[in-house]
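So this block is upload08.tsv, TSV, C-alpha atoms:
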```
chain	number	residue	atom	x	y	z
A	484	MET	CA	-121.56	289.68	163.58
A	485	LYS	CA	-117.79	289.94	164.24
A	486	ARG	CA	-117.56	286.15	164.26
A	487	ASN	CA	-119.09	285.94	160.76
A	488	PHE	CA	-116.53	288.42	159.40
A	489	PHE	CA	-113.73	286.46	161.08
A	490	ILE	CA	-114.91	283.17	159.53
A	491	ALA	CA	-115.45	284.80	156.14
A	492	GLY	CA	-111.95	286.29	156.28
A	493	LYS	CA	-110.40	282.91	157.09
A	494	LEU	CA	-112.34	281.25	154.26
A	495	PHE	CA	-111.23	283.95	151.82
A	496	ILE	CA	-107.56	283.57	152.80
A	497	CYS	CA	-107.74	279.76	152.59
A	498	GLY	CA	-109.46	279.96	149.21
A	499	ALA	CA	-106.87	282.41	147.88
A	500	LEU	CA	-103.99	280.22	149.07
A	501	PHE	CA	-105.57	277.11	147.55
A	502	SER	CA	-106.14	278.90	144.23
A	503	ALA	CA	-102.55	280.14	144.17
A	504	ALA	CA	-101.28	276.62	144.86
A	505	LEU	CA	-103.38	275.20	142.02
A	506	MET	CA	-102.17	277.86	139.59
A	507	PHE	CA	-98.55	277.23	140.58
A	508	ALA	CA	-98.90	273.45	140.24
A	509	GLN	CA	-100.39	273.79	136.74
A	510	GLY	CA	-97.33	275.71	135.57
A	511	CYS	CA	-94.96	272.96	136.72
A	512	SER	CA	-93.44	270.35	134.50
A	513	SER	CA	-91.55	267.14	135.22
A	514	ASP	CA	-89.02	268.17	132.57
A	515	PRO	CA	-86.92	271.09	133.90
A	516	TYR	CA	-86.36	272.31	130.33
A	517	LYS	CA	-90.10	272.77	129.71
A	518	GLY	CA	-91.61	275.41	131.98
A	519	TYR	CA	-91.50	275.41	135.74
A	520	SER	CA	-90.43	272.36	137.67
A	521	PHE	CA	-90.05	271.10	141.23
A	522	GLU	CA	-86.90	269.25	140.14
A	523	THR	CA	-83.60	271.02	140.61
A	524	GLY	CA	-82.12	270.17	137.24
A	525	LEU	CA	-79.00	272.22	137.99
A	526	TYR	CA	-76.60	269.30	138.01
A	527	ARG	CA	-76.05	266.30	135.76
A	528	GLN	CA	-77.92	263.20	136.90
A	529	ASP	CA	-75.43	260.77	135.32
A	530	ILE	CA	-72.61	261.86	137.65
A	531	LYS	CA	-72.53	260.75	141.27
A	532	THR	CA	-68.91	261.18	142.41
A	533	VAL	CA	-66.02	263.61	141.89
A	534	ALA	CA	-62.35	263.10	142.69
A	535	VAL	CA	-60.50	266.22	143.82
A	536	PRO	CA	-56.75	265.63	144.00
A	537	ILE	CA	-54.63	268.32	145.66
A	538	TRP	CA	-54.28	271.17	143.22
A	539	ARG	CA	-50.85	272.30	142.02
A	540	ARG	CA	-49.08	275.63	142.35
A	541	GLY	CA	-47.70	277.31	139.26
A	542	ASP	CA	-44.02	278.21	138.87
A	543	LYS	CA	-44.59	281.81	139.92
A	544	VAL	CA	-46.79	281.20	142.96
A	545	TYR	CA	-44.73	281.43	146.12
A	546	ARG	CA	-47.46	281.18	148.77
A	547	ARG	CA	-47.25	277.87	150.63
A	548	ASP	CA	-50.29	275.74	151.47
A	549	LEU	CA	-52.63	277.74	149.23
A	550	GLU	CA	-53.22	274.65	147.08
A	551	GLN	CA	-54.23	272.59	150.15
A	552	GLN	CA	-56.61	275.35	151.28
A	553	LEU	CA	-58.22	275.51	147.85
A	554	THR	CA	-58.56	271.72	147.61
A	555	GLU	CA	-60.17	271.56	151.06
A	556	ALA	CA	-62.55	274.42	150.20
A	557	LEU	CA	-63.52	272.67	146.94
A	558	VAL	CA	-64.24	269.38	148.69
A	559	LYS	CA	-66.45	271.14	151.24
A	560	ARG	CA	-68.24	273.20	148.58
A	561	ILE	CA	-68.91	270.16	146.36
A	562	GLU	CA	-70.37	268.25	149.31
A	563	LEU	CA	-72.39	271.25	150.48
A	564	ASP	CA	-73.70	272.83	147.28
A	565	SER	CA	-74.01	269.97	144.80
A	566	PRO	CA	-75.52	266.47	144.77
A	567	TYR	CA	-72.07	265.02	144.02
A	568	LYS	CA	-69.99	263.13	146.56
A	569	VAL	CA	-66.23	263.40	146.74
A	570	ALA	CA	-64.58	260.02	146.22
A	571	ASP	CA	-61.17	258.50	145.65
A	572	LYS	CA	-59.67	258.94	142.19
A	573	SER	CA	-59.82	255.19	141.48
A	574	ILE	CA	-63.63	254.94	141.85
A	575	ALA	CA	-64.90	258.44	141.01
A	576	ASP	CA	-66.98	259.15	137.91
A	577	THR	CA	-65.21	262.47	137.28
A	578	MET	CA	-62.08	264.33	138.31
A	579	LEU	CA	-61.67	268.03	139.08
A	580	GLU	CA	-58.03	269.08	138.90
A	581	GLY	CA	-56.27	272.36	138.46
A	582	THR	CA	-53.35	274.68	139.00
A	583	ILE	CA	-53.06	277.96	140.86
A	584	VAL	CA	-51.51	280.17	138.19
A	585	ALA	CA	-51.17	283.50	139.98
A	586	VAL	CA	-51.74	285.22	143.32
A	587	THR	CA	-51.72	289.01	143.26
A	588	GLN	CA	-52.41	291.74	145.77
A	589	ARG	CA	-53.58	295.27	145.08
A	590	VAL	CA	-54.10	298.11	147.50
A	591	LEU	CA	-57.63	299.46	147.11
A	592	SER	CA	-57.32	302.47	149.39
A	593	PHE	CA	-54.80	304.16	151.66
A	594	ASN	CA	-55.16	305.73	155.08
A	595	PRO	CA	-54.62	309.42	154.22
A	596	SER	CA	-53.05	310.33	157.56
A	597	GLN	CA	-50.50	307.51	157.67
A	598	GLY	CA	-50.12	306.41	154.05
A	599	THR	CA	-50.63	302.74	154.97
A	600	PRO	CA	-52.98	300.43	153.08
A	601	ARG	CA	-56.53	300.53	154.40
A	602	ASP	CA	-57.85	297.59	152.38
A	603	VAL	CA	-56.14	295.14	150.04
A	604	GLU	CA	-57.61	292.96	147.31
A	605	LEU	CA	-56.13	289.49	146.95
A	606	ARG	CA	-56.79	287.83	143.61
A	607	ILE	CA	-56.24	284.14	142.83
A	608	VAL	CA	-56.13	282.92	139.21
A	609	VAL	CA	-56.49	279.23	138.36
A	610	ASP	CA	-56.67	276.91	135.36
A	611	PHE	CA	-58.82	273.82	135.88
A	612	THR	CA	-60.37	270.88	134.09
A	613	TRP	CA	-63.33	268.73	135.09
A	614	THR	CA	-63.09	265.42	133.22
A	615	ASP	CA	-65.41	262.43	132.99
A	616	GLN	CA	-63.11	259.52	133.84
A	617	ARG	CA	-65.48	256.97	132.31
A	618	THR	CA	-65.41	258.46	128.81
A	619	GLY	CA	-62.45	260.86	128.85
A	620	GLU	CA	-64.76	263.75	127.92
A	621	ILE	CA	-63.82	267.18	129.23
A	622	LEU	CA	-66.93	268.54	130.94
A	623	VAL	CA	-65.56	271.96	131.91
A	624	GLN	CA	-62.22	273.57	131.15
A	625	LYS	CA	-61.31	277.09	132.23
A	626	LYS	CA	-58.11	279.07	131.84
A	627	GLY	CA	-57.48	282.27	133.77
A	628	PHE	CA	-60.46	281.70	136.08
A	629	ARG	CA	-60.24	284.17	138.95
A	630	ALA	CA	-61.76	285.24	142.21
A	631	ALA	CA	-60.85	287.92	144.74
A	632	GLY	CA	-61.08	288.53	148.44
A	633	VAL	CA	-60.49	291.65	150.49
A	634	TYR	CA	-58.69	292.07	153.79
A	635	TYR	CA	-57.98	295.07	156.01
A	636	PRO	CA	-54.34	295.13	157.18
A	637	ALA	CA	-54.52	298.33	159.26
A	638	GLY	CA	-56.40	299.45	162.33
A	639	ALA	CA	-57.31	297.91	165.65
A	640	LEU	CA	-58.70	294.77	164.01
A	641	ALA	CA	-55.90	294.31	161.49
A	642	GLU	CA	-56.13	291.26	159.27
A	643	ASP	CA	-53.30	289.47	157.53
A	644	PHE	CA	-52.77	287.64	154.24
A	645	SER	CA	-54.22	284.40	155.61
A	646	LEU	CA	-57.65	285.99	156.17
A	647	GLY	CA	-57.63	287.54	152.73
A	648	SER	CA	-56.57	284.28	151.14
A	649	ALA	CA	-59.28	282.36	153.00
A	650	ASP	CA	-61.89	284.79	151.66
A	651	ALA	CA	-60.55	284.51	148.10
A	652	VAL	CA	-60.19	280.71	148.28
A	653	ASN	CA	-63.75	280.22	149.53
A	654	HIS	CA	-65.13	282.54	146.86
A	655	LEU	CA	-63.10	280.74	144.18
A	656	ALA	CA	-64.32	277.32	145.36
A	657	GLN	CA	-67.92	278.54	145.19
A	658	LEU	CA	-67.45	279.84	141.63
A	659	ILE	CA	-65.75	276.62	140.49
A	660	VAL	CA	-68.59	274.47	141.86
A	661	GLU	CA	-71.07	276.75	140.07
A	662	THR	CA	-69.33	275.91	136.77
A	663	MET	CA	-70.17	272.26	137.47
A	664	GLU	CA	-73.86	273.02	136.95
A	665	LYS	CA	-75.48	271.98	133.68
A	666	PRO	CA	-75.45	274.67	130.98
A	667	TRP	CA	-78.76	276.51	130.58
```

Let me see the file written as structure tokens.
Amino acid sequence: MKRNFFIAGKLFICGALFSAALMFAQGCSSDPYKGYSFETGLYRQDIKTVAVPIWRRGDKVYRRDLEQQLTEALVKRIELDSPYKVADKSIADTMLEGTIVAVTQRVLSFNPSQGTPRDVELRIVVDFTWTDQRTGEILVQKKGFRAAGVYYPAGALAEDFSLGSADAVNHLAQLIVETMEKPW
């Protein structure tokens, strides 16, 4: 008797899973703009490569090597999160270039007993343009695009500006690569 219930239970679960799979497959479409789809459709199919020259620092940005860190983070993010490959400027379909416009720090909270900063927000502001080198068309252009990171300069595990800048740079690279997705 127990064996019959066990077999019936397995058949019920298999039937339910099969029915759910059929219902899901019927809702799918080969065109990502019409209903559900197994295709990603997030990125443009006509673009294969992106050139990422070293970004520039604005006149009022005095932090050295921040532009190299951002360029490296962008290259890694493009390779990791998008179908695009980073290529040399002379053969790439598109080019992503920009300028670090501002780097600011703001104390978020103070240690009440000592008056020292407990956590600090580091904000990086950039202007960038993603251009199709084949046609000259500007695909994305942003001014005043910003991202922030937080670091903790006090305490036993005190962090410095470089950790805060790494956090902000990585977050900024992620946001910039997200702008390279197709518009919805």

Applying 12 Å and all atoms listed in the file, which residues near Thr577 (chain A) remain after dropping the ones on its own chain fewer than 4 positions away? List them as a ChimeraX atom specification.
/A:527,529-536,567-573,612-623,663

Residues just named, written with C-alpha atoms as a PDB file, in the coordinates of the input:
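So the final result, stored in again-v6.pdb, reads:
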```pdb
ATOM      1  CA  ARG A 527     -76.050 266.300 135.760  1.00  0.00           C
ATOM      2  CA  ASP A 529     -75.430 260.770 135.320  1.00  0.00           C
ATOM      3  CA  ILE A 530     -72.610 261.860 137.650  1.00  0.00           C
ATOM      4  CA  LYS A 531     -72.530 260.750 141.270  1.00  0.00           C
ATOM      5  CA  THR A 532     -68.910 261.180 142.410  1.00  0.00           C
ATOM      6  CA  VAL A 533     -66.020 263.610 141.890  1.00  0.00           C
ATOM      7  CA  ALA A 534     -62.350 263.100 142.690  1.00  0.00           C
ATOM      8  CA  VAL A 535     -60.500 266.220 143.820  1.00  0.00           C
ATOM      9  CA  PRO A 536     -56.750 265.630 144.000  1.00  0.00           C
ATOM     10  CA  TYR A 567     -72.070 265.020 144.020  1.00  0.00           C
ATOM     11  CA  LYS A 568     -69.990 263.130 146.560  1.00  0.00           C
ATOM     12  CA  VAL A 569     -66.230 263.400 146.740  1.00  0.00           C
ATOM     13  CA  ALA A 570     -64.580 260.020 146.220  1.00  0.00           C
ATOM     14  CA  ASP A 571     -61.170 258.500 145.650  1.00  0.00           C
ATOM     15  CA  LYS A 572     -59.670 258.940 142.190  1.00  0.00           C
ATOM     16  CA  SER A 573     -59.820 255.190 141.480  1.00  0.00           C
ATOM     17  CA  THR A 612     -60.370 270.880 134.090  1.00  0.00           C
ATOM     18  CA  TRP A 613     -63.330 268.730 135.090  1.00  0.00           C
ATOM     19  CA  THR A 614     -63.090 265.420 133.220  1.00  0.00           C
ATOM     20  CA  ASP A 615     -65.410 262.430 132.990  1.00  0.00           C
ATOM     21  CA  GLN A 616     -63.110 259.520 133.840  1.00  0.00           C
ATOM     22  CA  ARG A 617     -65.480 256.970 132.310  1.00  0.00           C
ATOM     23  CA  THR A 618     -65.410 258.460 128.810  1.00  0.00           C
ATOM     24  CA  GLY A 619     -62.450 260.860 128.850  1.00  0.00           C
ATOM     25  CA  GLU A 620     -64.760 263.750 127.920  1.00  0.00           C
ATOM     26  CA  ILE A 621     -63.820 267.180 129.230  1.00  0.00           C
ATOM     27  CA  LEU A 622     -66.930 268.540 130.940  1.00  0.00           C
ATOM     28  CA  VAL A 623     -65.560 271.960 131.910  1.00  0.00           C
ATOM     29  CA  MET A 663     -70.170 272.260 137.470  1.00  0.00           C
TER      30      MET A 663
END
```

Could you make a table, as a Markdown table, of the residues of region 524-616 of chain A that have an atom within 6 Å of an atom of region 636-657 of chain A, each with its nearest atom pair and distance in Å to one decimal, counting only C-alpha atoms, in chain and number order?
```
| residue | atom | partner | partner_atom | distance |
| --- | --- | --- | --- | --- |
| A:Leu553 | CA | A:Val652 | CA | 5.6 |
| A:Ala556 | CA | A:Ala656 | CA | 5.9 |
| A:Leu557 | CA | A:Ala656 | CA | 5.0 |
| A:Arg601 | CA | A:Ala637 | CA | 5.7 |
```

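The neighbours of Pro666 (chain A) here are the residues that come within 9 Å of it, using only C-alpha atoms and leaving out any residue fewer than 2 positions away in the same chain; they are Leu525, Tyr526, Thr662, Met663 and Glu664 of chain A.
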
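In terms of minimum interatomic distance to Arg629 (chain A), A:Ala585 ranks closest within A:Val603, A:Ala585, A:Val558, A:Arg539, counting all atoms listed in the file.
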
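Distance check against Arg547 (chain A) using only C-alpha atoms: of A:Arg560, A:Val586, A:Val608, A:Gln528, the minimum falls on A:Val586.
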